[in-house]
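Read through the structure below, which is laid out as structure tokens, and then see the notes.
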Amino acid sequence: MIDKINKLKEEKNAIILAHNYQPKEILKIADFVGDSLELCIKAKEADSDIIVFAGVDFMAESAKILNPDKKVLLPEVEGTKCPMAHQLNKDIILKYKEKYSAPLVVYVNTTAETKALADITCTSANADKIVSSLDSDIILFGPDKNLAYYVKKKTGKNIINIPEDGGCYVHQKFTLEDVYRVRKLYPKAILLVHPECNPEVQEKADIITSTSGMVRYVLNSDEEEFIIGTERDLIGRIELELEKLGLNKKLIPLRDDAICKEMKRITLNKILESLEKEKYEINLDEEIIDKAKKAIERMIELSKN
Ligand code: 13P
Ligand code: SF4
């Protein structure tokens with residue numbers, strides 16, 4: 001299957017972009033693996049004819065928005081909808097915009113329609129930087145309330161989260177009990193958590209960062225043991241990097257059941273079928289692309305400095 005995928009990639013001038021949460025067998029056939037911000041940048045720079053996305057819906061949509069002349073394929077459609085990305089919609093935005101005259105910052109974990117209404121997007125890697133750069137003390141922000149908590153703490157700004165209770169079901173699973181239980185078993189380990197985790201879990205963490213931030217932290221640290229507070233397969237991603245460097249460190253999941261089932265709907269078989277039949281192509285309205293592109297490109301520009 002891997003040979004067939006590689007052959008088709010070459011024949012069709014295609015690349016595979018994969019998110020850090022994909023399992024090892026998919027990471028191994030990917031041309032690039034990264035967090036949401038890095039994947040946006042790669043998609044924008046891609047000069048292949050086809051981009052196959054091993055990730056969830058909003059990631060493939062962002063690739064299409066940033067590089068609309070390319071054929072962007074998502075190997076599975078129905079099962080790969082990130083639930084959080086569908087928690088913020090036009091009606092909610094218009095309701096809040098009526099009430100507050102403030103810039104709207106949306107997480108990239110949103111639909112293309114939502115991005116088209118935003119002043120700028122952000123990811124877990126740059127949310128505080130993006131919010132700090134805006135010339136307003138009051139910010140409309142959505143949909144993740146835990147990322148909003150993190151940004152508020154970092155920037156001191158008045159962050160109004162829309163909708164009030166947006167969030168990711170995978171990261172909301174982590175509790176203080178998990179932290180106490182795992183810390184007791186591994187008292188010397190560094191606890192890294194994603195900013196999508198609940199505030200009380202963030203408060204106990206040593207490091208709060210994006211998925212690629214975690215990869216870099218573990219690789220560059222002199223420490224030997226790390227508790228990983230995000231989707232479980234990030235551990236496989238870090239292990240592959242450690243293997244390449246001939247390093248061996250202990251990686252402990254904060255919970256064994258922190259699994260994003262939408263990410264896991266992508267399989268090698270579906271990637272092969274996607275390349276063979278060129279399905280499922282992402283198609284978006286041109287006006288939406290133009291508006292959403294401005295919001296994402298503004299974020300990419302600000303992330304460079
Ligand atoms: P990252 O941008 O940190 O990879 O996060 C994406 C995501 O969906 C986390 O759940
Ligand atoms: Fe969406 Fe959560 Fe899965 Fe990330 S982990 S893609 S936010 S459901």
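Labels for the structure tokens follow display order: chains A, B, ..., residues from 1 in each chain, ligands from 1.
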List the neighbours of range 123-139 of chain A out to 9 Å using only C-alpha atoms; skip same-chain residues closer than 4 positions along the sequence, and give me the result as an MDAnalysis selection string. chainID A and resid 35:37 100:109 147:148 150:152 154:161 194:196 209:213 299 302:303
Fewer than 6 positions away in the same chain doesn't count, so skip those; otherwise give me all residues within 12 Å of Asp57 in chain A, counting only C-alpha atoms, as a compact mmCIF listing (two decimals) with all heavy atoms, in the first residue's frame.
```txt
# COMPACT_ATOMS: atom_id res chain seq x y z
N HIS A 19 -1.36 16.20 10.06
CA HIS A 19 -1.31 16.84 11.38
C HIS A 19 -0.58 15.93 12.36
O HIS A 19 -0.58 14.70 12.22
CB HIS A 19 -2.73 17.16 11.88
CG HIS A 19 -2.70 17.91 13.18
ND1 HIS A 19 -2.88 17.28 14.40
CD2 HIS A 19 -2.45 19.21 13.45
CE1 HIS A 19 -2.75 18.20 15.36
NE2 HIS A 19 -2.50 19.38 14.81
N SER A 36 -1.26 23.25 13.35
CA SER A 36 -2.16 23.95 12.43
C SER A 36 -1.47 25.13 11.73
O SER A 36 -1.71 25.37 10.55
CB SER A 36 -3.37 24.50 13.17
OG SER A 36 -3.94 23.54 13.97
N ALA A 63 -6.16 24.93 3.69
CA ALA A 63 -5.22 24.70 2.59
C ALA A 63 -5.82 25.22 1.28
O ALA A 63 -5.15 25.88 0.48
CB ALA A 63 -4.89 23.22 2.48
N LYS A 64 -7.10 24.94 1.06
CA LYS A 64 -7.77 25.39 -0.17
C LYS A 64 -7.84 26.92 -0.21
O LYS A 64 -7.61 27.55 -1.25
CB LYS A 64 -9.19 24.78 -0.23
CG LYS A 64 -9.96 25.13 -1.48
CD LYS A 64 -9.37 24.44 -2.70
CE LYS A 64 -10.01 24.89 -3.98
NZ LYS A 64 -9.36 24.31 -5.17
N VAL A 72 -7.29 20.26 -3.54
CA VAL A 72 -7.08 19.82 -2.16
C VAL A 72 -8.04 18.67 -1.87
O VAL A 72 -9.25 18.80 -2.06
CB VAL A 72 -7.29 20.98 -1.15
CG1 VAL A 72 -7.11 20.48 0.29
CG2 VAL A 72 -6.31 22.12 -1.43
N LEU A 73 -7.48 17.56 -1.42
CA LEU A 73 -8.29 16.36 -1.17
C LEU A 73 -8.28 15.99 0.31
O LEU A 73 -7.23 16.03 0.95
CB LEU A 73 -7.73 15.17 -1.97
CG LEU A 73 -7.60 15.33 -3.49
CD1 LEU A 73 -6.91 14.11 -4.10
CD2 LEU A 73 -8.96 15.55 -4.15
N LEU A 74 -9.46 15.65 0.81
CA LEU A 74 -9.59 15.12 2.17
C LEU A 74 -10.11 13.69 2.01
O LEU A 74 -11.20 13.49 1.46
CB LEU A 74 -10.58 16.01 2.95
CG LEU A 74 -10.77 15.76 4.44
CD1 LEU A 74 -9.45 15.86 5.21
CD2 LEU A 74 -11.76 16.78 5.03
N PRO A 75 -9.33 12.69 2.44
CA PRO A 75 -9.68 11.28 2.15
C PRO A 75 -11.02 10.81 2.74
O PRO A 75 -11.52 9.77 2.32
CB PRO A 75 -8.52 10.49 2.77
CG PRO A 75 -7.40 11.47 2.83
CD PRO A 75 -8.02 12.81 3.07
N GLU A 76 -11.56 11.54 3.69
CA GLU A 76 -12.85 11.15 4.29
C GLU A 76 -13.54 12.45 4.69
O GLU A 76 -12.89 13.34 5.24
CB GLU A 76 -12.57 10.23 5.48
CG GLU A 76 -13.46 10.38 6.69
CD GLU A 76 -14.63 9.41 6.69
OE1 GLU A 76 -14.42 8.23 6.37
OE2 GLU A 76 -15.75 9.85 7.03
N VAL A 77 -14.83 12.57 4.41
CA VAL A 77 -15.48 13.85 4.67
C VAL A 77 -16.35 13.83 5.93
O VAL A 77 -16.09 14.58 6.87
CB VAL A 77 -16.32 14.31 3.45
CG1 VAL A 77 -17.07 15.59 3.77
CG2 VAL A 77 -15.42 14.52 2.25
N GLU A 78 -17.32 12.94 5.97
CA GLU A 78 -18.31 12.99 7.06
C GLU A 78 -17.67 12.85 8.44
O GLU A 78 -17.98 13.60 9.35
CB GLU A 78 -19.39 11.92 6.85
CG GLU A 78 -20.54 12.42 6.00
CD GLU A 78 -20.95 13.87 6.29
OE1 GLU A 78 -21.31 14.15 7.45
OE2 GLU A 78 -20.89 14.71 5.37
N GLY A 79 -16.76 11.88 8.57
CA GLY A 79 -16.20 11.60 9.90
C GLY A 79 -15.11 12.55 10.34
O GLY A 79 -14.66 12.50 11.48
N THR A 80 -14.65 13.43 9.46
CA THR A 80 -13.49 14.26 9.82
C THR A 80 -13.88 15.70 10.17
O THR A 80 -13.04 16.60 10.08
CB THR A 80 -12.46 14.28 8.67
OG1 THR A 80 -13.12 14.71 7.49
CG2 THR A 80 -11.81 12.93 8.46
N LYS A 81 -15.11 15.89 10.57
CA LYS A 81 -15.51 17.25 10.96
C LYS A 81 -15.11 17.48 12.42
O LYS A 81 -15.64 16.82 13.32
CB LYS A 81 -17.03 17.42 10.82
CG LYS A 81 -17.52 17.42 9.38
CD LYS A 81 -18.98 17.79 9.34
CE LYS A 81 -19.64 17.52 8.00
NZ LYS A 81 -18.99 18.04 6.82
N CYS A 82 -14.19 18.42 12.65
CA CYS A 82 -13.79 18.75 14.03
C CYS A 82 -15.01 19.37 14.73
O CYS A 82 -15.47 20.43 14.31
CB CYS A 82 -12.62 19.73 14.01
SG CYS A 82 -12.38 20.61 15.57
N PRO A 83 -15.53 18.74 15.78
CA PRO A 83 -16.75 19.28 16.41
C PRO A 83 -16.60 20.73 16.87
O PRO A 83 -17.51 21.52 16.71
CB PRO A 83 -16.99 18.34 17.59
CG PRO A 83 -16.25 17.09 17.26
CD PRO A 83 -15.08 17.49 16.42
N MET A 84 -15.43 21.07 17.39
CA MET A 84 -15.27 22.45 17.87
C MET A 84 -15.39 23.46 16.73
O MET A 84 -15.93 24.56 16.91
CB MET A 84 -13.93 22.63 18.58
CG MET A 84 -13.76 24.08 19.02
SD MET A 84 -12.58 24.34 20.32
CE MET A 84 -11.08 23.82 19.61
N ALA A 85 -14.90 23.08 15.56
CA ALA A 85 -14.91 24.01 14.42
C ALA A 85 -16.33 24.39 13.99
O ALA A 85 -16.53 25.36 13.27
CB ALA A 85 -14.15 23.39 13.25
N HIS A 86 -17.33 23.62 14.45
CA HIS A 86 -18.71 23.89 14.04
C HIS A 86 -19.52 24.54 15.17
O HIS A 86 -20.73 24.66 15.08
CB HIS A 86 -19.35 22.60 13.52
CG HIS A 86 -18.65 22.11 12.30
ND1 HIS A 86 -19.06 22.42 11.02
CD2 HIS A 86 -17.50 21.40 12.15
CE1 HIS A 86 -18.21 21.91 10.15
NE2 HIS A 86 -17.25 21.28 10.81
N VAL A 108 -8.21 28.89 14.17
CA VAL A 108 -8.30 28.24 12.84
C VAL A 108 -9.25 27.05 12.87
O VAL A 108 -9.72 26.62 11.82
CB VAL A 108 -6.94 27.78 12.25
CG1 VAL A 108 -6.17 28.92 11.65
CG2 VAL A 108 -6.15 26.98 13.24
N ASN A 109 -9.52 26.54 14.07
CA ASN A 109 -10.50 25.45 14.21
C ASN A 109 -11.91 26.03 14.04
O ASN A 109 -12.71 26.09 14.97
CB ASN A 109 -10.40 24.79 15.58
CG ASN A 109 -9.04 24.19 15.87
OD1 ASN A 109 -8.03 24.80 15.56
ND2 ASN A 109 -9.01 23.02 16.47
N THR A 110 -12.20 26.53 12.84
CA THR A 110 -13.50 27.10 12.49
C THR A 110 -13.79 26.79 11.03
O THR A 110 -12.86 26.44 10.27
CB THR A 110 -13.50 28.65 12.65
OG1 THR A 110 -12.29 29.17 12.10
CG2 THR A 110 -13.66 29.10 14.09
N THR A 111 -15.04 26.98 10.61
CA THR A 111 -15.38 26.75 9.20
C THR A 111 -14.86 27.93 8.36
O THR A 111 -14.55 29.01 8.89
CB THR A 111 -16.91 26.69 9.03
OG1 THR A 111 -17.45 27.96 9.40
CG2 THR A 111 -17.54 25.59 9.87
N ALA A 112 -14.84 27.72 7.05
CA ALA A 112 -14.41 28.78 6.13
C ALA A 112 -15.35 29.98 6.24
O ALA A 112 -14.91 31.14 6.21
CB ALA A 112 -14.39 28.23 4.71
N GLU A 262 -12.09 12.00 15.11
CA GLU A 262 -12.19 12.59 13.76
C GLU A 262 -10.84 12.46 13.04
O GLU A 262 -10.79 12.14 11.85
CB GLU A 262 -12.61 14.06 13.86
CG GLU A 262 -14.06 14.28 14.28
CD GLU A 262 -14.36 13.95 15.74
OE1 GLU A 262 -13.42 14.04 16.56
OE2 GLU A 262 -15.51 13.61 16.06
N MET A 263 -9.76 12.69 13.76
CA MET A 263 -8.42 12.55 13.16
C MET A 263 -8.17 11.09 12.74
O MET A 263 -7.52 10.83 11.73
CB MET A 263 -7.35 12.93 14.18
CG MET A 263 -7.23 14.41 14.41
SD MET A 263 -6.17 15.13 13.14
CE MET A 263 -6.26 16.86 13.62
N ARG A 265 -10.12 8.96 11.56
CA ARG A 265 -10.90 8.45 10.43
C ARG A 265 -10.03 8.36 9.16
O ARG A 265 -10.39 7.72 8.19
CB ARG A 265 -12.11 9.36 10.16
CG ARG A 265 -13.15 9.30 11.25
CD ARG A 265 -13.75 7.91 11.40
NE ARG A 265 -14.61 7.60 10.27
CZ ARG A 265 -15.92 7.72 10.25
NH1 ARG A 265 -16.54 8.13 11.34
NH2 ARG A 265 -16.62 7.43 9.18
N ILE A 266 -8.88 9.03 9.19
CA ILE A 266 -7.97 8.94 8.04
C ILE A 266 -7.14 7.67 8.21
O ILE A 266 -6.58 7.43 9.28
CB ILE A 266 -7.01 10.17 8.00
CG1 ILE A 266 -7.80 11.49 8.02
CG2 ILE A 266 -6.07 10.10 6.81
CD1 ILE A 266 -8.52 11.86 6.77
N TYR A 280 -11.77 13.33 -1.59
CA TYR A 280 -12.91 14.18 -1.86
C TYR A 280 -12.39 15.59 -2.00
O TYR A 280 -11.74 16.09 -1.07
CB TYR A 280 -13.90 14.07 -0.71
CG TYR A 280 -14.45 12.66 -0.58
CD1 TYR A 280 -13.86 11.73 0.28
CD2 TYR A 280 -15.56 12.27 -1.35
CE1 TYR A 280 -14.37 10.44 0.38
CE2 TYR A 280 -16.08 10.98 -1.23
CZ TYR A 280 -15.46 10.07 -0.38
OH TYR A 280 -15.96 8.80 -0.29
N GLU A 281 -12.73 16.21 -3.11
CA GLU A 281 -12.15 17.52 -3.38
C GLU A 281 -12.84 18.60 -2.55
O GLU A 281 -14.06 18.62 -2.43
CB GLU A 281 -12.29 17.84 -4.87
CG GLU A 281 -11.50 19.07 -5.22
CD GLU A 281 -11.49 19.40 -6.71
OE1 GLU A 281 -11.99 18.60 -7.52
OE2 GLU A 281 -11.00 20.49 -7.04
N ILE A 282 -12.03 19.50 -1.98
CA ILE A 282 -12.59 20.63 -1.21
C ILE A 282 -12.94 21.74 -2.19
O ILE A 282 -12.09 22.19 -2.97
CB ILE A 282 -11.54 21.18 -0.19
CG1 ILE A 282 -11.04 20.08 0.75
CG2 ILE A 282 -12.08 22.39 0.57
CD1 ILE A 282 -11.99 19.63 1.82
N ASN A 283 -14.18 22.13 -2.19
CA ASN A 283 -14.63 23.24 -3.03
C ASN A 283 -15.30 24.29 -2.16
O ASN A 283 -16.17 23.96 -1.37
CB ASN A 283 -15.64 22.75 -4.08
CG ASN A 283 -14.94 22.00 -5.19
OD1 ASN A 283 -14.00 22.52 -5.80
ND2 ASN A 283 -15.34 20.77 -5.42
```
A:Ala30, A:Ile162, A:Cys122, A:Leu242 ranked by distance to Leu94 in chain A, top pick (using only C-alpha atoms):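 When distances to Leu94 in chain A are compared using only C-alpha atoms, the smallest one comes from A:Ile162.
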Write down as a ChimeraX atom specification the residues of range 61-112 of chain A whose backbone DSSP state falls under alpha helix (DSSP H). /A:61-66,90-99,112
Exercise: Asp178 in chain A partners within 9 Å, only C-alpha atoms, chain neighbours under 5 positions left out, as a ChimeraX atom specification: /A:183,201,254-255
Select, from A:Ser62, A:Lys95, A:Leu117, A:Lys24, the residue with the minimum atom-to-atom distance to Lys44 in chain A, counting only C-alpha atoms.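 Once distances to Lys44 in chain A are computed over only C-alpha atoms, the minimum belongs to A:Ser62.
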Excluding Pro143 in chain A and any residue of its chain fewer than 2 positions from it, enumerate the residues within 6 Å of it, using only C-alpha atoms, and give them as a PDB file with all heavy atoms, in the first residue's frame.
```
ATOM      1  N   LEU A  88     -19.021  27.667  16.239  1.00  0.00           N
ATOM      2  CA  LEU A  88     -19.169  29.115  16.008  1.00  0.00           C
ATOM      3  C   LEU A  88     -19.683  29.342  14.597  1.00  0.00           C
ATOM      4  O   LEU A  88     -19.065  28.889  13.626  1.00  0.00           O
ATOM      5  CB  LEU A  88     -17.805  29.801  16.207  1.00  0.00           C
ATOM      6  CG  LEU A  88     -17.771  31.318  16.030  1.00  0.00           C
ATOM      7  CD1 LEU A  88     -18.749  32.020  16.956  1.00  0.00           C
ATOM      8  CD2 LEU A  88     -16.356  31.851  16.283  1.00  0.00           C
ATOM      9  N   ILE A 162     -16.915  33.597  22.291  1.00  0.00           N
ATOM     10  CA  ILE A 162     -18.185  33.272  21.627  1.00  0.00           C
ATOM     11  C   ILE A 162     -18.064  31.941  20.891  1.00  0.00           C
ATOM     12  O   ILE A 162     -17.089  31.732  20.188  1.00  0.00           O
ATOM     13  CB  ILE A 162     -18.635  34.409  20.677  1.00  0.00           C
ATOM     14  CG1 ILE A 162     -17.615  34.688  19.557  1.00  0.00           C
ATOM     15  CG2 ILE A 162     -18.885  35.672  21.456  1.00  0.00           C
ATOM     16  CD1 ILE A 162     -18.117  35.622  18.482  1.00  0.00           C
ATOM     17  N   PRO A 163     -19.008  30.997  21.074  1.00  0.00           N
ATOM     18  CA  PRO A 163     -20.068  31.028  22.081  1.00  0.00           C
ATOM     19  C   PRO A 163     -19.437  30.871  23.467  1.00  0.00           C
ATOM     20  O   PRO A 163     -18.256  30.521  23.573  1.00  0.00           O
ATOM     21  CB  PRO A 163     -20.907  29.804  21.708  1.00  0.00           C
ATOM     22  CG  PRO A 163     -19.938  28.865  21.082  1.00  0.00           C
ATOM     23  CD  PRO A 163     -18.956  29.711  20.351  1.00  0.00           C
ATOM     24  N   GLY A 166     -17.671  27.180  24.185  1.00  0.00           N
ATOM     25  CA  GLY A 166     -17.020  26.404  23.126  1.00  0.00           C
ATOM     26  C   GLY A 166     -15.818  25.632  23.652  1.00  0.00           C
ATOM     27  O   GLY A 166     -15.167  26.053  24.610  1.00  0.00           O
TER      28      GLY A 166
END
```
Selected residue of minimal separation from Arg216 in chain A among A:Lys293, A:Phe141, A:Tyr180, A:Leu192, counting only C-alpha atoms: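 Using only C-alpha atoms, the shortest distance to Arg216 in chain A belongs to A:Leu192.
Closest approach to Ala205 in chain A among A:Lys97, A:Phe174, A:Ile15, A:Asp119 is made by A:Phe174 (distances from only C-alpha atoms).
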